[in-house]
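Okay, work.tsv now, which holds TSV, N, CA and C atoms:
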```
chain	number	residue	atom	x	y	z
A	1407	MET	N	54.84	-52.46	96.44
A	1407	MET	CA	54.98	-51.81	95.14
A	1407	MET	C	55.98	-50.65	95.25
A	1408	MET	N	56.89	-50.59	94.31
A	1408	MET	CA	57.89	-49.52	94.33
A	1408	MET	C	57.32	-48.23	93.77
A	1409	GLY	N	57.69	-47.14	94.40
A	1409	GLY	CA	57.28	-45.83	93.89
A	1409	GLY	C	58.15	-45.44	92.71
A	1410	THR	N	57.66	-44.52	91.92
A	1410	THR	CA	58.47	-44.05	90.80
A	1410	THR	C	59.30	-42.86	91.26
A	1411	PHE	N	60.43	-42.69	90.63
A	1411	PHE	CA	61.27	-41.54	90.94
A	1411	PHE	C	62.00	-41.12	89.68
A	1412	ASP	N	62.27	-39.84	89.59
A	1412	ASP	CA	62.95	-39.31	88.42
A	1412	ASP	C	64.44	-39.22	88.68
A	1413	ILE	N	65.19	-39.63	87.69
A	1413	ILE	CA	66.64	-39.52	87.78
A	1413	ILE	C	67.08	-38.63	86.63
A	1414	PHE	N	67.91	-37.66	86.93
A	1414	PHE	CA	68.47	-36.85	85.86
A	1414	PHE	C	69.84	-37.40	85.48
A	1415	ILE	N	69.99	-37.72	84.21
A	1415	ILE	CA	71.28	-38.16	83.69
A	1415	ILE	C	71.69	-37.15	82.62
A	1416	SER	N	72.84	-36.57	82.80
A	1416	SER	CA	73.34	-35.59	81.83
A	1416	SER	C	73.43	-36.23	80.44
A	1417	PRO	N	73.07	-35.48	79.38
A	1417	PRO	CA	73.18	-36.01	78.01
A	1417	PRO	C	74.61	-36.39	77.63
A	1418	ASP	N	75.59	-35.85	78.37
A	1418	ASP	CA	77.00	-36.16	78.09
A	1418	ASP	C	77.51	-37.38	78.86
A	1419	GLU	N	76.71	-37.87	79.78
A	1419	GLU	CA	77.15	-38.97	80.65
A	1419	GLU	C	77.11	-40.31	79.90
A	1420	PRO	N	78.25	-40.99	79.76
A	1420	PRO	CA	78.26	-42.27	79.04
A	1420	PRO	C	77.68	-43.40	79.90
A	1421	VAL	N	76.48	-43.85	79.55
A	1421	VAL	CA	75.80	-44.87	80.36
A	1421	VAL	C	75.27	-46.06	79.56
A	1422	TYR	N	75.23	-45.95	78.23
A	1422	TYR	CA	74.62	-47.00	77.42
A	1422	TYR	C	75.68	-47.93	76.82
A	1423	VAL	N	75.52	-49.24	77.03
A	1423	VAL	CA	76.46	-50.21	76.44
A	1423	VAL	C	76.11	-50.41	74.96
A	1424	ILE	N	77.06	-50.92	74.21
A	1424	ILE	CA	76.93	-51.02	72.75
A	1424	ILE	C	75.73	-51.86	72.32
A	1425	SER	N	75.42	-52.94	73.05
A	1425	SER	CA	74.30	-53.79	72.65
A	1425	SER	C	72.96	-53.05	72.78
A	1426	VAL	N	72.84	-52.22	73.80
A	1426	VAL	CA	71.61	-51.43	74.00
A	1426	VAL	C	71.51	-50.35	72.92
A	1427	VAL	N	72.63	-49.67	72.64
A	1427	VAL	CA	72.65	-48.63	71.62
A	1427	VAL	C	72.28	-49.22	70.25
A	1428	SER	N	72.80	-50.41	69.98
A	1428	SER	CA	72.51	-51.09	68.73
A	1428	SER	C	71.01	-51.26	68.53
A	1429	LYS	N	70.31	-51.65	69.59
A	1429	LYS	CA	68.85	-51.81	69.52
A	1429	LYS	C	68.14	-50.45	69.42
A	1430	LEU	N	68.61	-49.47	70.20
A	1430	LEU	CA	67.97	-48.15	70.21
A	1430	LEU	C	68.02	-47.48	68.84
A	1431	VAL	N	69.13	-47.58	68.16
A	1431	VAL	CA	69.30	-46.86	66.88
A	1431	VAL	C	69.19	-47.78	65.67
A	1432	ASP	N	68.94	-49.07	65.91
A	1432	ASP	CA	68.74	-50.04	64.84
A	1432	ASP	C	69.95	-50.11	63.89
A	1433	LEU	N	71.14	-50.16	64.49
A	1433	LEU	CA	72.37	-50.37	63.73
A	1433	LEU	C	73.11	-51.56	64.34
A	1434	PRO	N	73.68	-52.43	63.51
A	1434	PRO	CA	74.41	-53.58	64.05
A	1434	PRO	C	75.63	-53.14	64.86
A	1435	VAL	N	76.00	-53.96	65.82
A	1435	VAL	CA	77.16	-53.68	66.68
A	1435	VAL	C	78.41	-53.45	65.83
A	1436	TRP	N	78.61	-54.26	64.79
A	1436	TRP	CA	79.82	-54.10	63.97
A	1436	TRP	C	79.85	-52.74	63.29
A	1437	THR	N	78.68	-52.20	62.91
A	1437	THR	CA	78.62	-50.86	62.31
A	1437	THR	C	79.00	-49.80	63.34
A	1438	LEU	N	78.50	-49.97	64.58
A	1438	LEU	CA	78.85	-49.03	65.64
A	1438	LEU	C	80.37	-49.04	65.88
A	1439	ARG	N	80.97	-50.21	65.81
A	1439	ARG	CA	82.43	-50.31	65.99
A	1439	ARG	C	83.16	-49.58	64.85
A	1440	GLN	N	82.65	-49.74	63.63
A	1440	GLN	CA	83.26	-49.05	62.48
A	1440	GLN	C	83.12	-47.53	62.61
A	1441	LEU	N	81.97	-47.09	63.09
A	1441	LEU	CA	81.74	-45.65	63.29
A	1441	LEU	C	82.69	-45.09	64.34
A	1442	ASP	N	82.97	-45.90	65.36
A	1442	ASP	CA	83.93	-45.51	66.40
A	1442	ASP	C	85.34	-45.44	65.80
A	1443	LYS	N	85.70	-46.47	65.06
A	1443	LYS	CA	87.03	-46.55	64.44
A	1443	LYS	C	87.28	-45.38	63.49
A	1444	SER	N	86.24	-44.96	62.77
A	1444	SER	CA	86.39	-43.87	61.80
A	1444	SER	C	86.24	-42.49	62.45
A	1445	GLY	N	85.86	-42.45	63.73
A	1445	GLY	CA	85.76	-41.18	64.43
A	1445	GLY	C	84.44	-40.45	64.29
A	1446	VAL	N	83.42	-41.12	63.73
A	1446	VAL	CA	82.10	-40.49	63.58
A	1446	VAL	C	81.44	-40.30	64.94
A	1447	VAL	N	81.44	-41.34	65.74
A	1447	VAL	CA	80.93	-41.27	67.12
A	1447	VAL	C	81.98	-41.95	68.00
A	1448	CYS	N	82.44	-41.24	69.00
A	1448	CYS	CA	83.51	-41.77	69.85
A	1448	CYS	C	83.01	-42.00	71.27
A	1449	PRO	N	82.52	-43.21	71.54
A	1449	PRO	CA	82.05	-43.52	72.90
A	1449	PRO	C	83.21	-43.55	73.88
A	1450	LYS	N	82.89	-43.41	75.14
A	1450	LYS	CA	83.91	-43.48	76.20
A	1450	LYS	C	84.33	-44.93	76.36
A	1451	ARG	N	85.62	-45.14	76.53
A	1451	ARG	CA	86.15	-46.49	76.74
A	1451	ARG	C	86.27	-46.76	78.22
A	1452	ILE	N	85.77	-47.90	78.62
A	1452	ILE	CA	85.93	-48.37	80.00
A	1452	ILE	C	86.80	-49.62	79.90
A	1453	GLY	N	88.02	-49.50	80.38
A	1453	GLY	CA	88.96	-50.60	80.18
A	1453	GLY	C	89.34	-50.67	78.72
A	1454	ARG	N	89.72	-51.83	78.25
A	1454	ARG	CA	90.14	-51.98	76.85
A	1454	ARG	C	88.99	-52.35	75.94
A	1455	LYS	N	87.99	-53.01	76.49
A	1455	LYS	CA	86.94	-53.58	75.64
A	1455	LYS	C	85.66	-52.76	75.58
A	1456	SER	N	85.16	-52.34	76.73
A	1456	SER	CA	83.81	-51.78	76.79
A	1456	SER	C	83.72	-50.35	76.28
A	1457	ARG	N	82.66	-50.11	75.49
A	1457	ARG	CA	82.34	-48.77	75.03
A	1457	ARG	C	81.05	-48.35	75.73
A	1458	LEU	N	81.02	-47.12	76.24
A	1458	LEU	CA	79.80	-46.57	76.81
A	1458	LEU	C	79.40	-45.32	76.05
A	1459	TYR	N	78.14	-45.28	75.63
A	1459	TYR	CA	77.63	-44.17	74.83
A	1459	TYR	C	76.77	-43.25	75.69
A	1460	SER	N	76.80	-41.96	75.37
A	1460	SER	CA	75.95	-40.98	76.05
A	1460	SER	C	74.68	-40.77	75.22
A	1461	LEU	N	73.72	-40.05	75.79
A	1461	LEU	CA	72.50	-39.71	75.06
A	1461	LEU	C	72.84	-38.89	73.81
A	1462	LYS	N	73.83	-38.00	73.92
A	1462	LYS	CA	74.27	-37.21	72.75
A	1462	LYS	C	74.77	-38.13	71.64
A	1463	ASP	N	75.54	-39.16	72.03
A	1463	ASP	CA	76.02	-40.14	71.05
A	1463	ASP	C	74.85	-40.84	70.37
A	1464	VAL	N	73.86	-41.23	71.17
A	1464	VAL	CA	72.68	-41.93	70.64
A	1464	VAL	C	71.94	-41.04	69.66
A	1465	LYS	N	71.77	-39.76	69.99
A	1465	LYS	CA	71.10	-38.81	69.07
A	1465	LYS	C	71.88	-38.70	67.76
A	1466	ARG	N	73.20	-38.61	67.86
A	1466	ARG	CA	74.02	-38.53	66.65
A	1466	ARG	C	73.87	-39.81	65.83
A	1467	LEU	N	73.81	-40.95	66.50
A	1467	LEU	CA	73.66	-42.23	65.80
A	1467	LEU	C	72.30	-42.37	65.14
A	1468	GLU	N	71.27	-41.75	65.72
A	1468	GLU	CA	69.95	-41.74	65.05
A	1468	GLU	C	70.07	-41.01	63.71
A	1469	TYR	N	70.81	-39.91	63.71
A	1469	TYR	CA	71.05	-39.14	62.47
A	1469	TYR	C	71.88	-39.97	61.49
A	1470	VAL	N	72.90	-40.65	62.00
A	1470	VAL	CA	73.74	-41.52	61.17
A	1470	VAL	C	72.89	-42.61	60.52
A	1471	HIS	N	71.98	-43.19	61.30
A	1471	HIS	CA	71.08	-44.22	60.77
A	1471	HIS	C	70.24	-43.67	59.63
A	1472	TYR	N	69.71	-42.46	59.82
A	1472	TYR	CA	68.93	-41.80	58.77
A	1472	TYR	C	69.78	-41.61	57.51
A	1473	LEU	N	71.00	-41.12	57.67
A	1473	LEU	CA	71.87	-40.91	56.50
A	1473	LEU	C	72.19	-42.22	55.80
A	1474	MET	N	72.45	-43.27	56.58
A	1474	MET	CA	72.79	-44.57	55.98
A	1474	MET	C	71.60	-45.21	55.28
A	1475	GLU	N	70.47	-45.26	55.98
A	1475	GLU	CA	69.31	-46.00	55.47
A	1475	GLU	C	68.51	-45.21	54.43
A	1476	ASP	N	68.23	-43.94	54.72
A	1476	ASP	CA	67.37	-43.15	53.83
A	1476	ASP	C	68.14	-42.49	52.69
A	1477	LYS	N	69.36	-42.05	52.98
A	1477	LYS	CA	70.14	-41.31	51.98
A	1477	LYS	C	71.26	-42.15	51.36
A	1478	HIS	N	71.46	-43.37	51.87
A	1478	HIS	CA	72.46	-44.30	51.33
A	1478	HIS	C	73.88	-43.72	51.33
A	1479	VAL	N	74.22	-43.02	52.41
A	1479	VAL	CA	75.56	-42.43	52.55
A	1479	VAL	C	76.44	-43.45	53.28
A	1480	ASN	N	77.68	-43.62	52.80
A	1480	ASN	CA	78.59	-44.54	53.48
A	1480	ASN	C	79.27	-43.84	54.67
A	1481	ILE	N	80.04	-44.62	55.44
A	1481	ILE	CA	80.65	-44.09	56.66
A	1481	ILE	C	81.58	-42.90	56.36
A	1482	HIS	N	82.35	-43.00	55.30
A	1482	HIS	CA	83.26	-41.90	54.94
A	1482	HIS	C	82.45	-40.63	54.65
A	1483	GLY	N	81.36	-40.77	53.91
A	1483	GLY	CA	80.50	-39.63	53.59
A	1483	GLY	C	79.86	-39.04	54.83
A	1484	ILE	N	79.44	-39.90	55.74
A	1484	ILE	CA	78.82	-39.46	57.00
A	1484	ILE	C	79.82	-38.64	57.81
A	1485	LYS	N	81.05	-39.11	57.85
A	1485	LYS	CA	82.11	-38.39	58.59
A	1485	LYS	C	82.27	-36.98	58.04
A	1486	ILE	N	82.30	-36.84	56.73
A	1486	ILE	CA	82.44	-35.54	56.08
A	1486	ILE	C	81.23	-34.65	56.38
A	1487	ILE	N	80.03	-35.20	56.26
A	1487	ILE	CA	78.81	-34.42	56.53
A	1487	ILE	C	78.80	-33.91	57.97
A	1488	ILE	N	79.09	-34.79	58.92
A	1488	ILE	CA	79.06	-34.41	60.35
A	1488	ILE	C	80.15	-33.38	60.66
A	1489	GLU	N	81.33	-33.53	60.07
A	1489	GLU	CA	82.39	-32.55	60.29
A	1489	GLU	C	82.00	-31.18	59.73
A	1490	LYS	N	81.38	-31.15	58.55
A	1490	LYS	CA	80.95	-29.87	57.97
A	1490	LYS	C	79.87	-29.22	58.83
A	1491	GLU	N	78.92	-30.03	59.30
A	1491	GLU	CA	77.80	-29.49	60.09
A	1491	GLU	C	78.24	-28.99	61.46
A	1492	SER	N	79.26	-29.62	62.03
A	1492	SER	CA	79.71	-29.19	63.35
A	1492	SER	C	80.83	-28.15	63.25
A	1493	GLY	N	81.21	-27.81	62.02
A	1493	GLY	CA	82.20	-26.77	61.80
A	1493	GLY	C	83.61	-27.14	62.23
A	1494	GLU	N	83.91	-28.43	62.23
A	1494	GLU	CA	85.26	-28.88	62.65
A	1494	GLU	C	86.25	-28.69	61.52
```
Turn the structure described in the file into structure tokens.
Amino acid sequence: MMGTFDIFISPDEPVYVISVVSKLVDLPVWTLRQLDKSGVVCPKRIGRKSRLYSLKDVKRLEYVHYLMEDKHVNIHGIKIIIEKESGE
């Protein structure tokens, strides 16, 4: 039997692939791609194809999911809201 051990992963470390993030935040992969394209959440690129998301990205996407599903905000609106909130 294997023992348990704790691993610390920085919230900024990109470790989650798009298919896992899609399940975690309950958003389709194509929506995640659109959010990347529009600059709402910018995962780290590994090579030309793969996107890796950090825990911070996942937290932001949970908020995006809330805005989309509960408040019916589109991607353009979400971009504006997030930019205002982060003071960019």
(Q) For a quick check of understanding, using all atoms listed in the file, which of A:Ile1487, A:Lys1443, A:Ile1413, A:Leu1430 has the smallest distance to A:Leu1467? (A) A:Leu1430
Can I get the residues of stretch 1415-1434 of chain A within 8 Å of stretch 1455-1462 of chain A, each with the closest pair of atoms and their distance in Å to one decimal, using only N, CA and C atoms, sorted chain first then ascending number, as a tab-separated table?
```
residue	atom	partner	partner_atom	distance
A:Ile1415	C	A:Leu1461	N	7.7
A:Ser1416	C	A:Leu1461	N	6.0
A:Pro1417	C	A:Lys1462	N	4.1
A:Asp1418	C	A:Ser1460	CA	4.8
A:Glu1419	C	A:Ser1460	CA	4.1
A:Pro1420	CA	A:Tyr1459	C	3.8
A:Val1421	N	A:Tyr1459	C	3.9
A:Tyr1422	C	A:Tyr1459	N	3.8
A:Val1423	N	A:Tyr1459	N	5.0
A:Ile1424	N	A:Arg1457	C	5.0
A:Ser1425	N	A:Arg1457	C	7.7
A:Val1427	CA	A:Tyr1459	CA	7.4
```
Q) Hey, what's within 12 Å of A:Asn1480 if we count only C-alpha atoms and toss same-chain stuff fewer than 6 positions away? As a ChimeraX atom specification, please? A) /A:1437,1440-1441,1444,1446,1470-1474,1486-1487
Q: Enumerate, as a list in words, the complete set of residues in chain A that a backbone-based DSSP assignment places in strand (DSSP E or B).
A: Tyr1422, Val1423, Lys1450, Arg1451, Ile1452, Ser1456, Arg1457, Leu1458 and Tyr1459 of chain A
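Note that atom N of A:Glu1491 and atom C of A:Leu1433 are 22.9 Å apart.
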